[in-house]
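Data first, discussion second: the structure below is written as structure tokens.
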There are 2 protein chains.
Amino acid sequence: MQQDERGEPVTIVDIARQAGVSIKTVSRVINREEGVGASTRARVQALVDKLGYRPNVSARSLSSRRSYLIGVIFMRVGAYHYVGEVQVGAMRACRRAGYHLVVEQAQPPEAVGGVQGFADVLRDARFDGVVLTPPTCDDREVLAAIEAAGLPYVRIAPHREFERSPYVFMDDRQAALEQTLRLWDMGHRRIAFIDGPDDHGSAARRREGYVAALRERGVEPRPDWIAKGQFLSLSGFDAAETLLRLPEPPTAIFAANDEMAVGVLAAAVKHGLSVPRDLSVVGFDDTPAAEAAWPRLTTIHQPTAEMAEAAVEMLIQGFGDERHRARVAVRQLDYRHMSRDSAAPPRDVSDRQG
Amino acid sequence: MQQDERGEPVTIVDIARQAGVSIKTVSRVINREEGVGASTRARVQALVDKLGYRPNVSARSLSSRRSYLIGVIFMRVGAYHYVGEVQVGAMRACRRAGYHLVVEQAQPPEAVGGVQGFADVLRDARFDGVVLTPPTCDDREVLAAIEAAGLPYVRIAPHREFERSPYVFMDDRQAALEQTLRLWDMGHRRIAFIDGPDDHGSAARRREGYVAALRERGVEPRPDWIAKGQFLSLSGFDAAETLLRLPEPPTAIFAANDEMAVGVLAAAVKHGLSVPRDLSVVGFDDTPAAEAAWPRLTTIHQPTAEMAEAAVEMLIQGFGDERHRARVAVRQLDYRHMSRDSAAPPRDVSDRQG
DNA sequence: TTTCATCGAGACAGCGGTGTCAATAAAATC
DNA sequence: GATTTTATTGACACCGCTGTCTCGATGAAA
């Protein structure tokens with residue numbers, strides 16, 4: 001299909017010759033440019049379809065200076081689920097527009113080049129744009145390298161310098177606020193929070209939501225009910241241990257991500273607590289771990305793939321480009337509360353009710 | 001650095017002019033071809049370094065017909081950790097050789113084109129080669145599409161048709177055999193196995209290892225001690241439930257992957273069994289979940305990143321290409337037993353010992 | 001009827017490299 | 001010293017497409 005009788009791939013010249021037009025006209029047709037008569041266009045298009053012609057990307061990028069490549073940059077690939085979702089979404093948008101998705105790691109530990117090596121990679125690859133995810137999207141060196149390379153970029157859920165580039169986000173604070181309120185309204189009064197690492201802006205915003213919710217109910221959040229975590233299961237376990245050993249232990253624990261919530265579940269097991277009867281646990285993100293945990297985790301669904309998809313769309317539509325930066329483009333997506341099995345009214349309340 | 005005084009990127013012409021040589025000579029130097037005098041080479045190289053010249057990938061691929069792009073193909077991105085590790089390894093090899101890694105999804109559900117659409121994508125992208133992981137690497141349609149596009153490819157842990165392409169693998173069967181033997185030698189005599197899905201060859205090979213180990217100890221494996229699983233946590237949970245309800249329940253459960261092993265852990269909790277005191281649980285793969293589980297999972301480390309790295313290396317070195325296919329290239333990597341906290345001698349034995 | 005836009009389409013020069021082959025100089029051989 | 005090799009280097013034609021500019025034809029306006 002994609003080859004002529006001599007086994008050579010079909011080129012624009014073949015189409016032009018067979019259609020009896022110039023290559024420029026073929027170029028106009030395949031790029032949906034105007035200035036071609038309807039009948040000519042139809043004839044060329046038919047030939048394109050028949051011969052299965054696909055323009056050569058290298059040739060096209062050489063002359064048009066576009067690579068049809070979008071990059072996703074990661075620092076450490078630790079949060080596999082997140083990274084995977086980002087890629088799925090980004091790929092979706094790429095494919096729709098005939099782009100391809102290249103994954104790149106900023107400063108892999110073994111790279112001698114460090115940031116310089118990364119800058120080289122950026123220039124080599126000739127991306128039409130890159131999408132950045134937390135925490136990379138707030139890394140000064142990475143941003144500097146990307147800007148030095150003159151690459152348009154869109155960030156996902158950035159944490160600061162919001163005017164620096166277009167970005168996509170969801171309202172973590174509001175989501176956390178509502179989640180906390182839900183626990184409160186179930187009857188919980190001793191609600192603890194497990195925080196995330198400092199370089200993740202979303203963790204901070206989720207904590208703000210937690211704090212705001214308590215204040216909204218007229219309670220000042222107690223510092224010893226906010227435990228530090230690292231977004232890792234084990235850190236959730238440790239944090240929960242600390243919380244559960246408190247003289248007045250919480251009846252509900254809100255972990256800033258699902259992974260830590262799973263750790264809390266494990267700690268509950270160790271302490272002989274039944275979830276949600278003795279302890280309510282809620283997470284954030286709605287990763288597969290949430291669905292797979294036992295009991296299934298009540299959490300908040302973060303539209304990760306959709307955010308990445310939106311980011312790539314913005315890139316392809318030309319936001320992310322400097323000429324648009326006067327007023328930075330922003331897109332907000334919605335979260336969803338996932339009520340599953342790990343949260344319920346506290347025992348004393350349910351006893352009273354039962 | 002990478003731009004001249006007019007803001008234009010440095011090209012091979014700039015280097016040639018300033019070095020007082022022809023562009024071909026510069027080309028030879030940057031490609032490390034022979035046939036350039038030492039002094040000329042040094043002079044050109046110095047200029048390349050000074051001006052920060054990087055060859056234009058598009059131009060280069062247009063004339064050399066190489067894209068410097070390696071593709072990784074996934075069908076469904078479900079096993080995020082696996083996919084992530086593959087990418088990390090593949091990226092490492094790519095970067096060393098100046099290649100870039102493109103991720104592509106075969107037949108995303110929403111694509112109308114289906115396989116045809118995927119074939120188009122393959123031809124568009126002009127990969128120099130692709131690496132395939134399970135279960136995609138055994139998918140007939142995907143393989144056909146890739147071969148139709150004339151792309152070299154290397155498979156990771158393929159399941160059948162071993163002569164069809166070069167591949168990288170580890171000895172799942174032997175690893176599982178040893179793991180089972182370890183349980184046996186701890187004193188376990190009632191060892192159950194949770195199988196994986198049928199389209200995953202590694203699952204079958206792990207089961208074979210389990211069976212072979214028992215036979216090696218003179219025992220015929222009992223069919224009701226081999227439960228079906230789907231490589232998902234929940235399926236491990238369900239399988240464990242079945243196993244634990246058996247009139248003669250196992251004292252050790254060997255799950256064909258970590259995720260299911262975590263499900264087993266959850267089931268143990270539900271049944272009031274303490275791991276490893278009442279039940280030993282071992283997994284396979286050594287994913288982060290294994291380290292994060294409570295208790296930490298005894299498992300087998302699969303060198304996923306290294307396998308991907310090796311696959312890309314083979315691709316870049318020109319294996320995977322048809323002209324090498326007379327005798328297919330193969331590389332085997334080693335596994336590692338990770339003894340952690342979820343396996344111990346069975347209670348009756350330890351009682352006797354204690 | 002003449003003058004201009006306007007539209008459709010083609011000619012042609014790049015884009016920045018690589019591959020082929022010829023040319024020249026230096027070294028080796030007889 | 002003449003001739004053959006061998007090591008360096010360059011000239012130049014592509015690779016397949018896009019961008020710019022030109023040109024002829026057609027229909028409307030003058």
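Naming scheme: A, B, ... for chains in displayed order of the structure tokens; residues 1 onward per chain; ligands 1 onward as shown.
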
Could I get the residues of chain D with an atom no further than 12 Å from an atom of chain A, each paired with its nearest atom pair and that distance in Å to one decimal, using only C-alpha atoms (C1' of nucleotides), sorted by chain and residue number, as JSON lines?
```
{"residue": "D:DC15", "atom": "C1'", "partner": "A:Ala59", "partner_atom": "CA", "distance": 7.5}
{"residue": "D:DG16", "atom": "C1'", "partner": "A:Ala59", "partner_atom": "CA", "distance": 5.0}
{"residue": "D:DC17", "atom": "C1'", "partner": "A:Arg60", "partner_atom": "CA", "distance": 4.8}
{"residue": "D:DT18", "atom": "C1'", "partner": "A:Ser63", "partner_atom": "CA", "distance": 5.4}
{"residue": "D:DG19", "atom": "C1'", "partner": "A:Ser64", "partner_atom": "CA", "distance": 8.4}
{"residue": "D:DT20", "atom": "C1'", "partner": "A:Lys24", "partner_atom": "CA", "distance": 11.8}
```

Step one, run DSSP on the backbone; step two, keep only residues of segment 74-169 of chain A assigned to helix (DSSP H, G or I); then write them as JSON, numbers by chain.
-> {"A": [80, 81, 82, 83, 84, 85, 86, 87, 88, 89, 90, 91, 92, 93, 94, 95, 96, 97, 114, 115, 116, 117, 118, 119, 120, 121, 122, 123, 124, 125, 136, 137, 138, 140, 141, 142, 143, 144, 145, 146, 147, 148]}

Any chance you could list, as a PyMOL selection string, the residues in segment 42-291 of chain A that come up strand (DSSP E) when DSSP is run on the backbone?
-> chain A and resi 69-74+100-105+129-132+153-156+167-170+191-194+226-227+252-255+280-282

Go ahead and align chain B to chain A (same sequence, so just pair every C-alpha in order, least squares) and export the moved chain as a CSV table (one decimal) with C-alpha atoms, in the first residue's frame.
```
chain,number,residue,atom,x,y,z
B,1,MET,CA,0.1,-0.1,0.1
B,2,GLN,CA,2.6,2.5,1.0
B,3,GLN,CA,5.1,1.5,-1.6
B,4,ASP,CA,5.1,1.8,-5.3
B,5,GLU,CA,5.9,-1.1,-7.7
B,6,ARG,CA,9.7,-0.6,-7.2
B,7,GLY,CA,9.3,-1.0,-3.4
B,8,GLU,CA,10.2,2.6,-2.9
B,9,PRO,CA,7.9,4.6,-0.5
B,10,VAL,CA,5.4,6.9,-2.2
B,11,THR,CA,6.5,10.5,-2.2
B,12,ILE,CA,4.8,13.7,-3.0
B,13,VAL,CA,6.3,13.6,-6.5
B,14,ASP,CA,4.6,10.3,-7.3
B,15,ILE,CA,1.3,11.8,-6.3
B,16,ALA,CA,1.9,15.0,-8.3
B,17,ARG,CA,2.9,13.1,-11.4
B,18,GLN,CA,0.0,10.8,-11.4
B,19,ALA,CA,-2.4,13.5,-10.6
B,20,GLY,CA,-0.9,15.7,-13.3
B,21,VAL,CA,-0.4,18.6,-10.9
B,22,SER,CA,2.6,20.2,-9.2
B,23,ILE,CA,4.0,19.0,-5.9
B,24,LYS,CA,3.0,22.2,-4.4
B,25,THR,CA,-0.6,21.5,-5.1
B,26,VAL,CA,-0.3,18.1,-3.5
B,27,SER,CA,1.3,19.8,-0.6
B,28,ARG,CA,-1.7,22.1,-0.3
B,29,VAL,CA,-4.1,19.2,-0.4
B,30,ILE,CA,-2.4,17.2,2.3
B,31,ASN,CA,-2.1,20.2,4.5
B,32,ARG,CA,-5.7,21.3,4.0
B,33,GLU,CA,-4.6,24.6,2.8
B,34,GLU,CA,-7.0,26.7,0.7
B,35,GLY,CA,-6.4,27.8,-2.8
B,36,VAL,CA,-7.1,24.5,-4.5
B,37,GLY,CA,-10.1,23.9,-6.7
B,38,ALA,CA,-12.6,21.3,-5.5
B,39,SER,CA,-12.1,18.9,-8.4
B,40,THR,CA,-8.3,19.1,-8.2
B,41,ARG,CA,-8.4,18.6,-4.5
B,42,ALA,CA,-10.7,15.5,-4.9
B,43,ARG,CA,-8.5,14.0,-7.6
B,44,VAL,CA,-5.3,14.5,-5.5
B,45,GLN,CA,-6.9,13.2,-2.4
B,46,ALA,CA,-8.2,10.1,-4.1
B,47,LEU,CA,-4.7,9.4,-5.3
B,48,VAL,CA,-3.3,10.0,-1.8
B,49,ASP,CA,-5.8,7.5,-0.4
B,50,LYS,CA,-5.3,5.0,-3.1
B,51,LEU,CA,-1.5,4.9,-2.9
B,52,GLY,CA,-1.5,5.3,0.9
B,53,TYR,CA,0.8,8.2,0.7
B,54,ARG,CA,2.0,9.6,4.0
B,55,PRO,CA,4.3,12.7,4.0
B,56,ASN,CA,7.8,12.1,5.2
B,57,VAL,CA,8.1,13.7,8.6
B,58,SER,CA,11.7,14.4,8.3
B,59,ALA,CA,11.4,16.3,5.1
B,60,ARG,CA,8.4,18.1,6.4
B,61,SER,CA,10.1,19.2,9.5
B,62,LEU,CA,13.3,20.2,7.8
B,63,SER,CA,11.5,22.8,5.7
B,64,SER,CA,8.7,23.7,8.0
B,65,ARG,CA,10.8,23.8,11.1
B,66,ARG,CA,8.3,21.8,12.9
B,67,SER,CA,9.1,18.3,14.2
B,68,TYR,CA,5.6,17.0,15.0
B,69,LEU,CA,7.1,15.8,18.3
B,70,ILE,CA,5.9,16.7,21.7
B,71,GLY,CA,8.1,16.0,24.7
B,72,VAL,CA,7.1,14.9,28.2
B,73,ILE,CA,9.8,15.6,30.7
B,74,PHE,CA,10.2,13.7,33.9
B,75,MET,CA,12.8,14.0,36.6
B,76,ARG,CA,12.5,10.8,38.5
B,77,VAL,CA,10.0,8.3,37.2
B,78,GLY,CA,8.7,7.3,40.6
B,79,ALA,CA,5.0,8.0,40.5
B,80,TYR,CA,4.5,5.5,37.7
B,81,HIS,CA,0.7,5.6,37.7
B,82,TYR,CA,0.7,9.4,37.4
B,83,VAL,CA,3.3,9.3,34.6
B,84,GLY,CA,1.4,6.6,32.8
B,85,GLU,CA,-1.8,8.5,32.9
B,86,VAL,CA,-0.1,11.6,31.7
B,87,GLN,CA,1.3,9.7,28.8
B,88,VAL,CA,-2.0,8.2,27.9
B,89,GLY,CA,-3.7,11.5,27.8
B,90,ALA,CA,-0.9,13.2,26.0
B,91,MET,CA,-0.7,10.4,23.4
B,92,ARG,CA,-4.4,10.8,22.7
B,93,ALA,CA,-4.0,14.4,21.9
B,94,CYS,CA,-0.9,13.8,19.9
B,95,ARG,CA,-2.4,11.1,17.8
B,96,ARG,CA,-5.4,13.2,16.9
B,97,ALA,CA,-3.1,15.9,15.5
B,98,GLY,CA,-0.6,13.6,13.9
B,99,TYR,CA,2.0,14.3,16.5
B,100,HIS,CA,4.2,11.8,18.4
B,101,LEU,CA,5.1,11.7,22.0
B,102,VAL,CA,8.7,11.6,23.1
B,103,VAL,CA,9.6,10.9,26.7
B,104,GLU,CA,12.6,12.4,28.2
B,105,GLN,CA,14.2,12.4,31.6
B,106,ALA,CA,15.7,15.6,33.0
B,107,GLN,CA,19.1,14.9,34.6
B,108,PRO,CA,19.1,11.2,34.9
B,109,PRO,CA,21.4,10.5,37.8
B,110,GLU,CA,23.9,8.6,35.7
B,111,ALA,CA,24.2,11.4,33.1
B,112,VAL,CA,27.5,13.2,33.4
B,113,GLY,CA,26.2,16.2,31.5
B,114,GLY,CA,23.6,17.0,34.1
B,115,VAL,CA,21.5,20.0,33.1
B,116,GLN,CA,23.8,20.8,30.3
B,117,GLY,CA,23.3,17.3,28.9
B,118,PHE,CA,19.6,17.8,29.2
B,119,ALA,CA,19.8,21.1,27.4
B,120,ASP,CA,21.6,19.4,24.5
B,121,VAL,CA,19.0,16.7,24.4
B,122,LEU,CA,16.3,19.3,24.2
B,123,ARG,CA,17.9,21.1,21.3
B,124,ASP,CA,18.6,17.8,19.5
B,125,ALA,CA,15.1,16.6,19.8
B,126,ARG,CA,13.6,19.7,18.2
B,127,PHE,CA,10.3,19.3,20.0
B,128,ASP,CA,7.5,21.5,18.9
B,129,GLY,CA,6.6,21.8,22.6
B,130,VAL,CA,7.0,20.1,25.9
B,131,VAL,CA,4.6,19.3,28.7
B,132,LEU,CA,5.9,19.4,32.3
B,133,THR,CA,4.4,17.7,35.3
B,134,PRO,CA,4.9,18.1,39.0
B,135,PRO,CA,7.4,18.4,40.5
B,136,THR,CA,9.4,18.9,37.3
B,137,CYS,CA,7.2,21.8,36.3
B,138,ASP,CA,8.5,23.9,39.2
B,139,ASP,CA,12.1,23.0,38.8
B,140,ARG,CA,14.0,26.2,38.1
B,141,GLU,CA,16.9,24.6,36.3
B,142,VAL,CA,14.6,22.6,34.0
B,143,LEU,CA,12.5,25.6,33.2
B,144,ALA,CA,15.6,27.6,32.5
B,145,ALA,CA,16.9,24.9,30.1
B,146,ILE,CA,13.6,24.7,28.3
B,147,GLU,CA,13.4,28.5,27.9
B,148,ALA,CA,17.0,28.7,26.8
B,149,ALA,CA,16.2,26.2,24.1
B,150,GLY,CA,13.3,28.4,23.0
B,151,LEU,CA,10.8,25.7,23.5
B,152,PRO,CA,7.1,26.4,24.1
B,153,TYR,CA,5.8,24.5,27.1
B,154,VAL,CA,2.7,24.0,29.1
B,155,ARG,CA,2.8,22.9,32.7
B,156,ILE,CA,0.4,20.6,34.5
B,157,ALA,CA,-0.6,21.7,38.1
B,158,PRO,CA,2.3,24.1,38.6
B,159,HIS,CA,3.0,25.3,42.1
B,160,ARG,CA,4.3,28.8,41.6
B,161,GLU,CA,5.2,31.4,39.0
B,162,PHE,CA,1.9,31.0,37.4
B,163,GLU,CA,2.5,33.7,34.9
B,164,ARG,CA,5.6,32.1,33.6
B,165,SER,CA,3.8,29.8,31.1
B,166,PRO,CA,0.4,28.5,30.2
B,167,TYR,CA,-0.8,25.7,32.4
B,168,VAL,CA,-3.6,23.2,33.2
B,169,PHE,CA,-4.8,22.5,36.7
B,170,MET,CA,-7.6,21.4,38.9
B,171,ASP,CA,-8.7,22.9,42.2
B,172,ASP,CA,-6.9,20.7,44.7
B,173,ARG,CA,-7.8,23.0,47.5
B,174,GLN,CA,-11.5,23.0,46.9
B,175,ALA,CA,-11.5,19.2,46.5
B,176,ALA,CA,-9.7,18.7,49.7
B,177,LEU,CA,-12.0,21.2,51.5
B,178,GLU,CA,-15.0,19.3,50.3
B,179,GLN,CA,-13.5,16.0,51.2
B,180,THR,CA,-12.8,17.2,54.7
B,181,LEU,CA,-16.3,18.6,55.1
B,182,ARG,CA,-17.7,15.2,54.1
B,183,LEU,CA,-15.8,13.6,56.9
B,184,TRP,CA,-17.0,16.3,59.3
B,185,ASP,CA,-20.5,15.9,58.2
B,186,MET,CA,-20.4,12.2,58.7
B,187,GLY,CA,-19.7,13.0,62.3
B,188,HIS,CA,-16.0,13.0,62.5
B,189,ARG,CA,-14.5,15.6,64.8
B,190,ARG,CA,-11.0,14.3,65.1
B,191,ILE,CA,-9.8,14.4,61.5
B,192,ALA,CA,-6.1,14.2,60.8
B,193,PHE,CA,-4.2,15.0,57.7
B,194,ILE,CA,-1.1,13.5,56.1
B,195,ASP,CA,0.8,16.0,54.2
B,196,GLY,CA,2.9,15.5,51.1
B,197,PRO,CA,6.5,16.5,50.2
B,198,ASP,CA,7.3,20.2,50.1
B,199,ASP,CA,8.2,20.3,46.4
B,200,HIS,CA,4.7,19.1,45.4
B,201,GLY,CA,2.5,22.1,45.2
B,202,SER,CA,-0.6,20.0,45.1
B,203,ALA,CA,0.1,18.7,48.6
B,204,ALA,CA,0.2,22.2,50.0
B,205,ARG,CA,-3.0,23.1,48.3
B,206,ARG,CA,-4.7,20.0,49.6
B,207,ARG,CA,-3.5,20.8,53.1
B,208,GLU,CA,-4.9,24.3,52.7
B,209,GLY,CA,-8.2,22.8,51.8
B,210,TYR,CA,-8.2,20.6,54.9
B,211,VAL,CA,-7.4,23.6,57.1
B,212,ALA,CA,-9.9,25.8,55.5
B,213,ALA,CA,-12.7,23.2,55.9
B,214,LEU,CA,-12.0,22.9,59.6
B,215,ARG,CA,-12.0,26.6,60.0
B,216,GLU,CA,-15.2,26.8,58.1
B,217,ARG,CA,-16.7,24.6,60.8
B,218,GLY,CA,-15.3,26.8,63.4
B,219,VAL,CA,-12.4,24.6,64.5
B,220,GLU,CA,-8.7,25.5,64.5
B,221,PRO,CA,-6.7,22.6,63.1
B,222,ARG,CA,-4.4,21.0,65.6
B,223,PRO,CA,-0.7,20.9,64.5
B,224,ASP,CA,-0.2,17.4,65.8
B,225,TRP,CA,-3.0,16.2,63.6
B,226,ILE,CA,-1.1,17.2,60.5
B,227,ALA,CA,1.6,14.7,59.9
B,228,LYS,CA,4.4,14.9,57.3
B,229,GLY,CA,4.4,12.4,54.5
B,230,GLN,CA,6.3,11.8,51.3
B,231,PHE,CA,3.6,10.6,49.0
B,232,LEU,CA,4.9,7.1,49.4
B,233,SER,CA,3.0,4.2,51.0
B,234,LEU,CA,5.6,3.7,53.7
B,235,SER,CA,5.6,7.3,54.7
B,236,GLY,CA,1.8,7.0,55.1
B,237,PHE,CA,2.3,4.0,57.3
B,238,ASP,CA,4.7,5.9,59.5
B,239,ALA,CA,2.6,9.0,59.7
B,240,ALA,CA,-0.4,6.9,60.6
B,241,GLU,CA,1.6,5.2,63.4
B,242,THR,CA,2.4,8.6,64.8
B,243,LEU,CA,-1.2,9.7,64.6
B,244,LEU,CA,-2.6,6.6,66.1
B,245,ARG,CA,-0.3,6.7,69.1
B,246,LEU,CA,-1.6,10.2,70.0
B,247,PRO,CA,-3.3,10.4,73.4
B,248,GLU,CA,-6.4,11.4,71.5
B,249,PRO,CA,-6.1,9.6,68.2
B,250,PRO,CA,-8.1,10.7,65.1
B,251,THR,CA,-11.2,8.9,64.0
B,252,ALA,CA,-10.5,9.8,60.4
B,253,ILE,CA,-7.3,10.2,58.4
B,254,PHE,CA,-7.2,12.1,55.2
B,255,ALA,CA,-4.0,11.3,53.3
B,256,ALA,CA,-2.9,13.7,50.6
B,257,ASN,CA,-2.6,10.9,48.2
B,258,ASP,CA,-3.8,7.3,47.7
B,259,GLU,CA,-0.5,5.7,48.1
B,260,MET,CA,-0.1,7.1,51.6
B,261,ALA,CA,-3.7,6.2,52.3
B,262,VAL,CA,-2.8,2.6,51.5
B,263,GLY,CA,0.0,2.9,54.0
B,264,VAL,CA,-2.5,4.1,56.5
B,265,LEU,CA,-4.7,1.0,55.9
B,266,ALA,CA,-1.7,-1.1,56.6
B,267,ALA,CA,-1.0,0.7,59.8
B,268,ALA,CA,-4.6,0.2,60.8
B,269,VAL,CA,-4.2,-3.5,60.4
B,270,LYS,CA,-1.1,-3.4,62.6
B,271,HIS,CA,-3.0,-1.6,65.3
B,272,GLY,CA,-5.9,-3.9,65.1
B,273,LEU,CA,-8.3,-1.3,63.8
B,274,SER,CA,-11.0,-2.1,61.4
B,275,VAL,CA,-11.5,0.3,58.5
B,276,PRO,CA,-14.0,2.0,58.3
B,277,ARG,CA,-15.5,0.9,61.6
B,278,ASP,CA,-12.7,2.0,63.9
B,279,LEU,CA,-11.0,4.4,61.5
B,280,SER,CA,-12.0,6.2,58.4
B,281,VAL,CA,-9.4,6.7,55.7
B,282,VAL,CA,-9.6,8.8,52.6
B,283,GLY,CA,-7.1,9.4,49.9
B,284,PHE,CA,-6.6,11.6,46.9
B,285,ASP,CA,-5.9,10.9,43.2
B,286,ASP,CA,-7.9,7.8,42.6
B,287,THR,CA,-5.0,5.6,41.5
B,288,PRO,CA,-5.6,1.9,40.8
B,289,ALA,CA,-4.3,1.3,44.3
B,290,ALA,CA,-7.4,3.0,45.7
B,291,GLU,CA,-9.7,0.6,43.8
B,292,ALA,CA,-7.5,-2.4,44.7
B,293,ALA,CA,-7.1,-1.7,48.4
B,294,TRP,CA,-9.1,-3.5,50.9
B,295,PRO,CA,-11.4,-1.9,51.8
B,296,ARG,CA,-11.6,0.1,48.6
B,297,LEU,CA,-10.5,3.6,49.2
B,298,THR,CA,-12.8,6.6,49.3
B,299,THR,CA,-10.9,9.2,47.4
B,300,ILE,CA,-10.9,12.1,44.9
B,301,HIS,CA,-10.5,11.4,41.2
B,302,GLN,CA,-7.9,13.6,39.6
B,303,PRO,CA,-8.4,13.8,35.8
B,304,THR,CA,-4.7,13.3,35.1
B,305,ALA,CA,-5.0,12.0,31.6
B,306,GLU,CA,-7.4,14.7,30.7
B,307,MET,CA,-5.1,17.4,32.0
B,308,ALA,CA,-2.2,16.1,29.9
B,309,GLU,CA,-4.5,15.9,26.9
B,310,ALA,CA,-5.5,19.5,27.4
B,311,ALA,CA,-1.9,20.5,27.8
B,312,VAL,CA,-0.9,18.9,24.6
B,313,GLU,CA,-3.8,20.5,22.8
B,314,MET,CA,-2.8,23.9,24.0
B,315,LEU,CA,0.7,23.2,22.8
B,316,ILE,CA,-0.5,22.2,19.4
B,317,GLN,CA,-2.8,25.1,19.1
B,318,GLY,CA,0.2,27.4,19.7
B,319,PHE,CA,-0.3,28.4,23.2
B,320,GLY,CA,2.8,27.8,25.1
B,321,ASP,CA,4.5,29.9,22.5
B,322,GLU,CA,6.1,33.1,23.6
B,323,ARG,CA,4.0,35.3,21.4
B,324,HIS,CA,1.0,34.2,23.5
B,325,ARG,CA,2.6,34.9,26.8
B,326,ALA,CA,1.3,38.4,27.3
B,327,ARG,CA,-1.7,36.9,28.9
B,328,VAL,CA,-1.0,33.3,29.9
B,329,ALA,CA,-3.5,30.6,28.9
B,330,VAL,CA,-5.0,28.5,31.6
B,331,ARG,CA,-7.3,25.6,31.6
B,332,GLN,CA,-9.1,24.2,34.6
B,333,LEU,CA,-10.5,20.6,34.8
B,334,ASP,CA,-12.9,19.1,37.3
B,335,TYR,CA,-12.3,16.5,40.0
B,336,ARG,CA,-14.7,13.9,41.1
B,337,HIS,CA,-15.4,12.5,44.6
B,338,MET,CA,-15.2,8.7,44.6
B,339,SER,CA,-17.1,7.4,47.6
B,340,ARG,CA,-16.1,3.8,48.2
B,341,ASP,CA,-15.7,1.7,51.4
B,342,SER,CA,-13.0,3.2,53.5
B,343,ALA,CA,-14.9,6.1,55.1
B,344,ALA,CA,-18.0,5.9,57.3
B,345,PRO,CA,-19.4,7.7,60.3
B,346,PRO,CA,-17.3,7.2,63.4
B,347,ARG,CA,-18.1,4.4,65.8
B,348,ASP,CA,-19.6,6.5,68.6
B,349,VAL,CA,-21.9,8.2,66.2
B,350,SER,CA,-22.9,5.0,64.4
B,351,ASP,CA,-23.4,3.3,67.8
B,352,ARG,CA,-25.7,6.0,68.8
B,353,GLN,CA,-27.5,5.6,65.5
B,354,GLY,CA,-27.6,1.8,65.5
```

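Put simply, atom C1' of DT3 of chain D is 26.6 Å away from atom C1' of DT20 of chain C.
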
Could you list the residues in chain C lying within 10 Å of chain B, using only C-alpha atoms (C1' of nucleotides), and format the result as a PyMOL selection string?
-> chain C and resi 15-19

Can I get the selected residues back with N, CA and C atoms (P, O5', C5', C4', C3', O3' and C1' of nucleotides), as a compact mmCIF listing (two decimals), in the first residue's frame?
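The resulting file, out-v8.txt, is reproduced below:
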```txt
# COMPACT_ATOMS: atom_id res chain seq x y z
P DC C 15 18.36 27.99 3.46
O5' DC C 15 17.71 26.83 4.31
C5' DC C 15 16.40 26.94 4.85
C4' DC C 15 16.06 25.62 5.50
C3' DC C 15 17.31 24.90 6.01
O3' DC C 15 17.39 25.06 7.41
C1' DC C 15 15.84 23.42 4.75
P DG C 16 18.84 25.57 8.00
O5' DG C 16 19.61 24.18 8.12
C5' DG C 16 19.04 23.16 8.93
C4' DG C 16 19.75 21.87 8.66
C3' DG C 16 21.28 21.97 8.75
O3' DG C 16 21.74 20.79 9.39
C1' DG C 16 20.68 21.05 6.70
P DG C 17 23.16 20.77 10.05
O5' DG C 17 23.37 19.20 10.16
C5' DG C 17 24.13 18.52 9.19
C4' DG C 17 23.27 17.47 8.50
C3' DG C 17 24.09 16.38 7.85
O3' DG C 17 24.09 15.24 8.69
C1' DG C 17 22.47 17.28 6.32
P DT C 18 25.29 14.22 8.56
O5' DT C 18 24.91 13.42 7.24
C5' DT C 18 23.74 12.61 7.22
C4' DT C 18 23.66 11.87 5.90
C3' DT C 18 24.85 10.96 5.60
O3' DT C 18 24.34 9.78 4.99
C1' DT C 18 24.60 12.53 3.86
P DG C 19 25.24 8.51 4.86
O5' DG C 19 25.41 8.41 3.27
C5' DG C 19 24.27 8.48 2.45
C4' DG C 19 24.69 8.34 1.00
C3' DG C 19 25.89 7.43 0.78
O3' DG C 19 25.68 6.68 -0.41
C1' DG C 19 26.39 9.63 0.01
```

Nearby residues (only C-alpha atoms (C1' of nucleotides)) at most 12 Å from DT6 of chain D, same-chain spacing under 6 positions excluded, as number ranges by chain = B: 35; C: 25-28

With only C-alpha atoms (C1' of nucleotides) as the basis for distance, which of C:DT6, C:DA22, C:DA13, C:DT29 is at the shortest distance from DA25 of chain D?
->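 The closest residue to DA25 of chain D is C:DT6.
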
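Atom C1' of DT22 of chain D sits 15.8 Å away from atom C1' of DA5 of chain C.
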